[in-house]
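Asker: Contents of start-v1.cif (mmCIF, C-alpha atoms and all ligand atoms) are below:
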```cif
data_input
#
loop_
_atom_site.label_atom_id
_atom_site.label_comp_id
_atom_site.auth_asym_id
_atom_site.auth_seq_id
_atom_site.Cartn_x
_atom_site.Cartn_y
_atom_site.Cartn_z
CA MET A 1 90.79 61.70 100.61
CA VAL A 2 91.24 58.32 98.94
CA ARG A 3 91.95 60.01 95.57
CA GLU A 4 94.72 62.08 97.11
CA LEU A 5 96.33 59.03 98.68
CA GLU A 6 95.72 56.73 95.74
CA LYS A 7 99.35 57.00 94.67
CA TYR A 8 100.35 54.96 97.74
CA PHE A 9 98.17 51.99 96.79
CA ARG A 10 99.60 49.06 94.87
CA PRO A 11 98.03 49.15 91.39
CA GLY A 12 95.38 46.48 90.95
CA THR A 13 94.63 45.89 94.64
CA GLY A 14 91.22 47.54 94.17
CA VAL A 15 88.70 47.97 96.96
CA THR A 16 89.86 46.91 100.44
CA THR A 17 88.32 43.89 102.12
CA TYR A 18 87.20 45.63 105.32
CA CYS A 19 83.64 45.17 106.52
CA PRO A 20 81.44 48.25 106.03
CA GLY A 21 82.00 50.64 108.95
CA CYS A 22 85.27 49.07 110.10
CA GLY A 23 87.58 51.53 111.85
CA GLU A 24 90.65 49.80 110.50
CA ALA A 25 89.93 51.19 107.04
CA ILE A 26 89.94 54.69 108.59
CA LEU A 27 93.27 53.90 110.25
CA GLN A 28 94.71 52.80 106.91
CA GLY A 29 93.98 56.26 105.49
CA LEU A 30 95.41 58.04 108.55
CA ILE A 31 98.70 56.14 108.34
CA LEU A 32 99.05 57.09 104.67
CA ARG A 33 98.16 60.67 105.49
CA ALA A 34 101.01 60.80 108.05
CA ILE A 35 103.47 59.30 105.52
CA ASP A 36 102.28 61.79 102.91
CA GLU A 37 102.63 64.81 105.20
CA LEU A 38 106.16 63.74 106.14
CA LYS A 39 106.95 63.19 102.44
CA LEU A 40 108.54 59.86 103.27
CA ASN A 41 109.82 57.79 100.38
CA MET A 42 107.94 54.48 100.48
CA ASP A 43 110.88 52.85 98.68
CA GLU A 44 112.94 53.40 101.81
CA MET A 45 110.30 51.90 104.09
CA LEU A 46 109.39 48.38 105.14
CA PHE A 47 105.93 47.52 106.44
CA VAL A 48 105.57 44.44 108.61
CA SER A 49 102.25 42.91 109.61
CA GLY A 50 101.08 39.61 111.07
CA ILE A 51 97.75 37.83 110.61
CA GLY A 52 94.35 39.41 111.17
CA CYS A 53 92.16 42.16 109.70
CA ALA A 54 94.58 44.86 110.87
CA ALA A 55 97.47 43.04 109.26
CA TRP A 56 95.85 43.81 105.91
CA ILE A 57 96.28 47.54 106.42
CA PRO A 58 99.71 47.66 104.71
CA SER A 59 99.70 44.40 102.80
CA PRO A 60 98.92 43.99 99.95
CA TYR A 61 97.57 47.52 99.65
CA PHE A 62 100.59 49.79 100.22
CA ASN A 63 102.79 50.05 97.16
CA ALA A 64 105.95 49.33 99.14
CA ASP A 65 107.96 46.42 100.48
CA ALA A 66 105.89 44.52 103.01
CA LEU A 67 106.35 41.40 105.09
CA HIS A 68 102.96 39.81 105.80
CA THR A 69 104.37 37.40 108.36
CA LEU A 70 103.29 34.70 110.78
CA HIS A 71 100.69 35.49 113.42
CA GLY A 72 102.39 37.19 116.37
CA ARG A 73 105.86 37.40 114.86
CA THR A 74 105.85 40.89 113.39
CA ILE A 75 108.39 42.41 115.75
CA ALA A 76 110.79 39.49 115.34
CA PHE A 77 110.68 39.87 111.53
CA ALA A 78 110.94 43.66 111.77
CA THR A 79 113.94 43.35 114.10
CA GLY A 80 115.72 41.04 111.66
CA ALA A 81 115.07 43.33 108.70
CA LYS A 82 116.26 46.40 110.61
CA MET A 83 119.45 44.64 111.69
CA VAL A 84 120.25 43.58 108.13
CA ASN A 85 119.42 47.00 106.66
CA PRO A 86 119.59 49.73 109.33
CA LYS A 87 118.70 52.42 106.75
CA LEU A 88 115.15 51.03 106.40
CA LYS A 89 112.32 52.96 108.04
CA VAL A 90 110.45 50.07 109.62
CA MET A 91 106.77 50.30 110.44
CA VAL A 92 104.88 47.44 112.10
CA ILE A 93 101.10 47.59 111.69
CA SER A 94 98.99 44.83 113.23
CA GLY A 95 96.14 43.93 115.55
CA ASP A 96 95.94 43.79 119.33
CA GLY A 97 95.65 39.99 119.19
CA ASP A 98 98.66 39.73 116.93
CA LEU A 99 100.83 42.15 118.90
CA ALA A 100 99.63 41.71 122.48
CA ASP A 101 98.37 38.12 122.75
CA ILE A 102 100.39 35.68 120.65
CA GLY A 103 103.02 38.37 120.00
CA GLY A 104 103.05 39.90 123.49
CA ASN A 105 106.50 38.67 124.37
CA HIS A 106 108.03 40.11 121.20
CA LEU A 107 106.27 43.41 121.88
CA ILE A 108 107.75 43.93 125.33
CA HIS A 109 111.21 42.78 124.33
CA GLY A 110 111.18 44.96 121.21
CA ALA A 111 110.44 47.90 123.53
CA ARG A 112 113.06 46.77 126.05
CA ARG A 113 115.71 46.55 123.35
CA ASN A 114 114.55 49.91 122.00
CA MET A 115 114.59 48.63 118.43
CA ASP A 116 114.25 51.51 115.98
CA MET A 117 110.76 50.96 114.60
CA THR A 118 107.26 52.41 114.77
CA VAL A 119 104.54 50.02 115.89
CA ILE A 120 100.87 50.80 115.22
CA CYS A 121 98.57 48.50 117.16
CA ALA A 122 94.95 48.47 116.01
CA ASN A 123 92.94 47.85 119.17
CA ASN A 124 89.47 46.61 118.18
CA GLN A 125 89.00 44.73 121.48
CA ASN A 126 88.80 41.26 119.94
CA TYR A 127 90.15 38.88 117.30
CA GLY A 128 88.11 40.24 114.41
CA MET A 129 89.23 38.07 111.55
CA THR A 130 88.69 34.70 113.21
CA GLY A 131 85.16 35.34 114.45
CA GLY A 132 85.47 37.64 117.47
CA GLN A 133 87.28 35.74 120.21
CA VAL A 134 88.38 37.34 123.50
CA CYS A 135 91.81 38.99 123.49
CA ALA A 136 94.17 40.83 125.86
CA THR A 137 92.38 44.15 125.33
CA THR A 138 88.77 42.92 125.62
CA PRO A 139 87.02 44.93 128.36
CA GLU A 140 85.93 43.09 131.49
CA GLY A 141 82.39 41.77 131.08
CA ALA A 142 82.34 42.04 127.28
CA LEU A 143 80.73 39.30 125.24
CA THR A 144 82.90 37.55 122.68
CA MET A 145 82.73 34.26 120.83
CA THR A 146 84.73 32.68 123.66
CA THR A 147 83.26 34.58 126.65
CA HIS A 148 79.52 33.94 126.40
CA GLN A 149 78.95 35.08 129.97
CA GLY A 150 81.24 38.10 129.76
CA ASN A 151 85.02 38.39 129.85
CA PRO A 152 86.11 37.62 133.43
CA PHE A 153 89.57 39.19 132.98
CA ARG A 154 90.99 42.72 133.16
CA PRO A 155 92.30 44.05 129.84
CA PHE A 156 95.90 45.07 129.29
CA ASP A 157 96.62 48.79 129.18
CA LEU A 158 98.88 48.42 126.15
CA CYS A 159 100.40 51.89 126.40
CA ARG A 160 101.37 51.45 130.04
CA LEU A 161 102.77 48.02 129.27
CA VAL A 162 104.93 49.17 126.37
CA LYS A 163 106.03 52.32 128.19
CA ALA A 164 107.09 50.30 131.23
CA ALA A 165 109.03 47.96 128.91
CA GLY A 166 111.06 50.92 127.60
CA ALA A 167 109.44 52.46 124.51
CA VAL A 168 110.66 56.01 123.87
CA TYR A 169 107.37 57.34 122.50
CA VAL A 170 103.91 56.05 123.40
CA ALA A 171 100.54 57.50 122.42
CA ARG A 172 96.91 56.43 122.16
CA TYR A 173 94.35 57.88 119.77
CA ALA A 174 91.00 56.78 118.44
CA VAL A 175 90.17 56.75 114.73
CA THR A 176 87.61 59.40 115.68
CA GLN A 177 90.54 61.76 116.40
CA PRO A 178 92.05 61.86 112.90
CA VAL A 179 94.06 65.07 113.23
CA ALA A 180 95.64 64.04 116.54
CA MET A 181 96.22 60.49 115.26
CA VAL A 182 98.09 61.73 112.18
CA ARG A 183 100.15 64.10 114.37
CA GLY A 184 100.99 61.20 116.71
CA ILE A 185 101.97 58.83 113.90
CA LYS A 186 104.18 61.54 112.39
CA LYS A 187 105.89 62.13 115.72
CA ALA A 188 106.40 58.40 116.20
CA LEU A 189 107.94 58.10 112.73
CA GLN A 190 110.26 61.02 113.43
CA THR A 191 111.44 59.67 116.79
CA GLU A 192 114.38 57.28 116.86
CA GLY A 193 113.89 54.09 118.86
CA PHE A 194 110.84 51.97 119.68
CA THR A 195 107.72 54.08 119.19
CA PHE A 196 104.19 52.83 119.78
CA ILE A 197 100.75 54.06 118.82
CA GLU A 198 97.64 52.33 120.16
CA ALA A 199 94.88 53.04 117.65
CA LEU A 200 91.37 52.54 119.03
CA THR A 201 89.21 51.27 116.22
CA PRO A 202 85.68 49.83 116.30
CA CYS A 203 84.91 46.36 114.97
CA PRO A 204 81.16 46.64 114.34
CA VAL A 205 80.77 43.18 112.83
CA GLN A 206 82.29 40.94 115.49
CA PHE A 207 82.50 43.02 118.67
CA GLY A 208 79.74 45.56 118.08
CA ARG A 209 77.03 43.11 117.03
CA ARG A 210 77.73 40.73 119.90
CA ASN A 211 77.68 43.51 122.49
CA LYS A 212 74.68 45.27 120.91
CA LEU A 213 76.61 48.49 120.37
CA GLY A 214 74.46 49.62 117.46
CA LYS A 215 75.47 50.66 113.98
CA PRO A 216 79.04 51.58 113.00
CA ALA A 217 78.18 55.28 113.37
CA ASP A 218 76.90 54.65 116.92
CA MET A 219 80.17 52.92 117.80
CA LEU A 220 82.18 55.85 116.45
CA LYS A 221 80.05 58.33 118.42
CA ASP A 222 80.44 56.26 121.56
CA LEU A 223 84.21 56.11 121.12
CA MET A 224 84.32 59.84 120.55
CA SER A 225 82.39 60.51 123.76
CA LYS A 226 84.71 58.30 125.83
CA CYS A 227 88.08 59.78 124.84
CA ILE A 228 89.55 62.38 127.17
CA SER A 229 92.99 63.91 127.64
CA GLU A 230 95.15 63.08 130.65
CA GLU A 231 94.80 66.66 131.99
CA LYS A 232 91.00 66.38 131.99
CA THR A 233 91.14 63.39 134.33
CA GLU A 234 92.20 65.73 137.16
CA THR A 235 88.89 67.61 137.03
CA LEU A 236 86.60 64.56 136.97
CA SER A 237 85.32 62.41 139.81
CA PRO A 238 85.99 58.64 139.86
CA GLU A 239 82.33 58.14 138.87
CA GLU A 240 82.70 60.48 135.87
CA LEU A 241 85.96 58.76 134.90
CA LYS A 242 84.28 55.36 134.66
CA ASP A 243 84.39 54.11 131.05
CA LYS A 244 86.58 57.03 129.93
CA ILE A 245 89.67 56.34 127.83
CA ILE A 246 92.75 58.52 128.12
CA THR A 247 94.11 59.51 124.73
CA GLY A 248 97.10 61.58 123.72
CA GLU A 249 100.84 61.25 124.30
CA LEU A 250 101.42 59.13 127.35
C1 LIG B 301 99.85 30.49 115.04
C2 LIG B 301 98.47 30.93 114.70
N1 LIG B 301 97.51 30.87 115.65
C3 LIG B 301 96.27 31.30 115.38
C4 LIG B 301 95.96 31.76 114.12
C5 LIG B 301 94.55 32.19 113.82
N2 LIG B 301 94.41 33.64 113.80
C6 LIG B 301 94.52 34.34 112.66
S1 LIG B 301 94.25 35.98 112.87
C7 LIG B 301 93.96 35.75 114.54
C8 LIG B 301 93.59 36.87 115.46
C9 LIG B 301 93.67 38.22 114.85
O1 LIG B 301 93.30 39.18 115.78
P1 LIG B 301 93.94 40.61 115.83
O2 LIG B 301 95.40 40.53 115.73
O3 LIG B 301 93.38 41.33 117.01
O4 LIG B 301 93.47 41.28 114.46
P2 LIG B 301 92.02 41.72 113.97
O5 LIG B 301 91.57 40.63 113.03
O6 LIG B 301 91.13 41.86 115.15
O7 LIG B 301 92.26 43.03 113.28
C10 LIG B 301 94.09 34.40 114.88
C11 LIG B 301 93.89 33.88 116.25
C12 LIG B 301 96.99 31.82 113.14
N3 LIG B 301 96.77 32.30 111.92
N4 LIG B 301 98.23 31.39 113.46
S1 LIG B 302 85.79 41.68 111.41
FE1 LIG B 302 85.85 43.61 112.53
S2 LIG B 302 87.99 44.33 112.42
FE2 LIG B 302 87.69 42.75 110.81
S3 LIG B 302 87.15 43.92 108.96
FE3 LIG B 302 85.23 43.31 109.96
S4 LIG B 302 84.66 45.06 111.28
FE4 LIG B 302 86.84 45.27 110.73
#
```
Is it possible to give me this structure as structure tokens?
Ligand SMILES: Cc1ncc(C[n+]2csc(CCOP(=O)(O)OP(=O)(O)O)c2C)c(N)n1
Ligand code: SF4
Answerer:
Amino acid sequence: MVRELEKYFRPGTGVTTYCPGCGEAILQGLILRAIDELKLNMDEMLFVSGIGCAAWIPSPYFNADALHTLHGRTIAFATGAKMVNPKLKVMVISGDGDLADIGGNHLIHGARRNMDMTVICANNQNYGMTGGQVCATTPEGALTMTTHQGNPFRPFDLCRLVKAAGAVYVARYAVTQPVAMVRGIKKALQTEGFTFIEALTPCPVQFGRRNKLGKPADMLKDLMSKCISEEKTETLSPEELKDKIITGEL
């Protein structure tokens, strides 16, 4: 798969810096797969990312124009670029901390203004790069570097938040659903207006280790077992729905 997509990598960037088993490396491949299937010209695209592990997905690896911007300011930079050059296909790729914590205000206002851009938010349930602190998507009770006795707060449902703010296309997929994820990213890229994909991606090193979730493969299997479609929720009891994650177009 990497060979096939190699043409999209900036020459000389070499092996990516992701920890072994990180889901964000899988997501990187799926985004390129979607671009490849749509036969998009990378010279007509702009990738914008903030600070964090996920922010390294496009930059420096994609052989295209990229703005690796300040933490939390991706959507502001992307908005400016789109206004100056409306012909650009703008794709924001960043982490849940970057987009929903420090950048949360930009996220909802980008959706409210219906800026024409596709936002991919890598949800790994914590701030991976800085040592695994709690973030807006950390599940209640989860252990992080800053919640030693368990996170006392409810997590944001990012898709509901962005949908309520006005996004025209919202979907959630896990990296364990590669075919559906690629289909969703393609649809988002083909839809005009503010489109949003929440990509569920395990962080075995910071989140997994702290919460004793096993090896990277165990985390992927666990994620796979939790994802269900919205239709399926109608046939399950509240008990069976506990811990399940709704994926698909929302
Ligand atoms: C203004 C500012 N505050 C804090 C930081 C430190 N910082 C860098 S990345 C990051 C969190 C990244 O988390 P996330 O966006 O979820 O990405 P991940 O590393 O988990 O993929 C933080 C707090 C910073 N670089 N700039
Ligand atoms: S810290 Fe977590 S999110 Fe960052 S590269 Fe490592 S496994 Fe991936």
Asker: Compute the set of protein, DNA and RNA residues whose minimum atom distance to ligand LIG 301 (chain B) is at most 7 Å, using only C-alpha atoms and all ligand atoms, and state it as an NGL selection string.
Answerer: :A and (51-55 or 70-71 or 94-99 or 122-124 or 126-130)
Asker: Within 12 Å of region 230-243 of chain A, which residues of region 114-179 of chain A show up? Give each one with its shortest atom-to-atom distance in Å (one decimal) and the two atoms involved, counting only C-alpha atoms, rows by chain then rising residue number, as JSON lines.
Answerer:
```
{"residue": "A:Pro139", "atom": "CA", "partner": "A:Asp243", "partner_atom": "CA", "distance": 9.9}
{"residue": "A:Glu140", "atom": "CA", "partner": "A:Asp243", "partner_atom": "CA", "distance": 11.1}
{"residue": "A:Ala171", "atom": "CA", "partner": "A:Glu230", "partner_atom": "CA", "distance": 11.3}
{"residue": "A:Arg172", "atom": "CA", "partner": "A:Glu230", "partner_atom": "CA", "distance": 10.9}
```
Asker: A:Arg210, A:Lys226, A:Lys221, A:Lys7: which is nearest ligand LIG 302 (chain B), counting only C-alpha atoms and all ligand atoms?
Answerer: A:Arg210
Asker: As JSON, numbers by chain, please: every protein or nucleic acid residue near ligand LIG 302 (chain B) (cut-off 6 Å, counting all atoms listed in the file).
Answerer: {"A": [18, 19, 22, 24, 53, 128, 129, 203, 204, 205, 206]}
Asker: Give the answer as one residue: which of A:Pro86, A:Gly72, A:Gly104, A:Pro155 has the shortest atom-to-atom distance to Ala142 (chain A), using all atoms listed in the file?
Answerer: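 Among the listed residues, the smallest separation from Ala142 (chain A) belongs to A:Pro155.
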Asker: Between CA of Gly103 (chain A) and CA of Val84 (chain A), what is the distance in Å, rounded to a tenth?
Answerer: 21.6 Å
Asker: Could you tell me how far CA of His106 (chain A) sits from CA of Arg73 (chain A), in Å to one decimal place?
Answerer: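 Separation between CA of Arg73 (chain A) and CA of His106 (chain A): 7.2 Å.
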Asker: Check the smallest atom-to-atom distance from each of A:Val92, A:Met219, A:Cys135, A:Met115 to Val168 (chain A) using only C-alpha atoms, then report the winner.
Answerer: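 Comparing A:Val92, A:Met219, A:Cys135, A:Met115 against Val168 (chain A), the winner is A:Met115.
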Asker: Quick one: everything within 10 Å of Tyr169 (chain A), counting only C-alpha atoms, minus sequence neighbours fewer than 2 positions away in the same chain. Send it as a list in words.
Answerer: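 Contacts, with the query itself left out: Ala111, Thr118, Cys159, Val162, Lys163, Gly166, Ala167, Ala171, Gly184, Lys187, Ala188, Leu189, Thr191, Glu192, Gly193, Phe194, Thr195, Phe196, Ile197, Glu249 and Leu250 of chain A.
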Asker: Nearest to Arg10 (chain A): which of A:Ile35, A:Ala64, A:Ala76, A:Ala174 is it, counting only C-alpha atoms?
Answerer: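 For Arg10 (chain A), the nearest of the candidates is A:Ala64.
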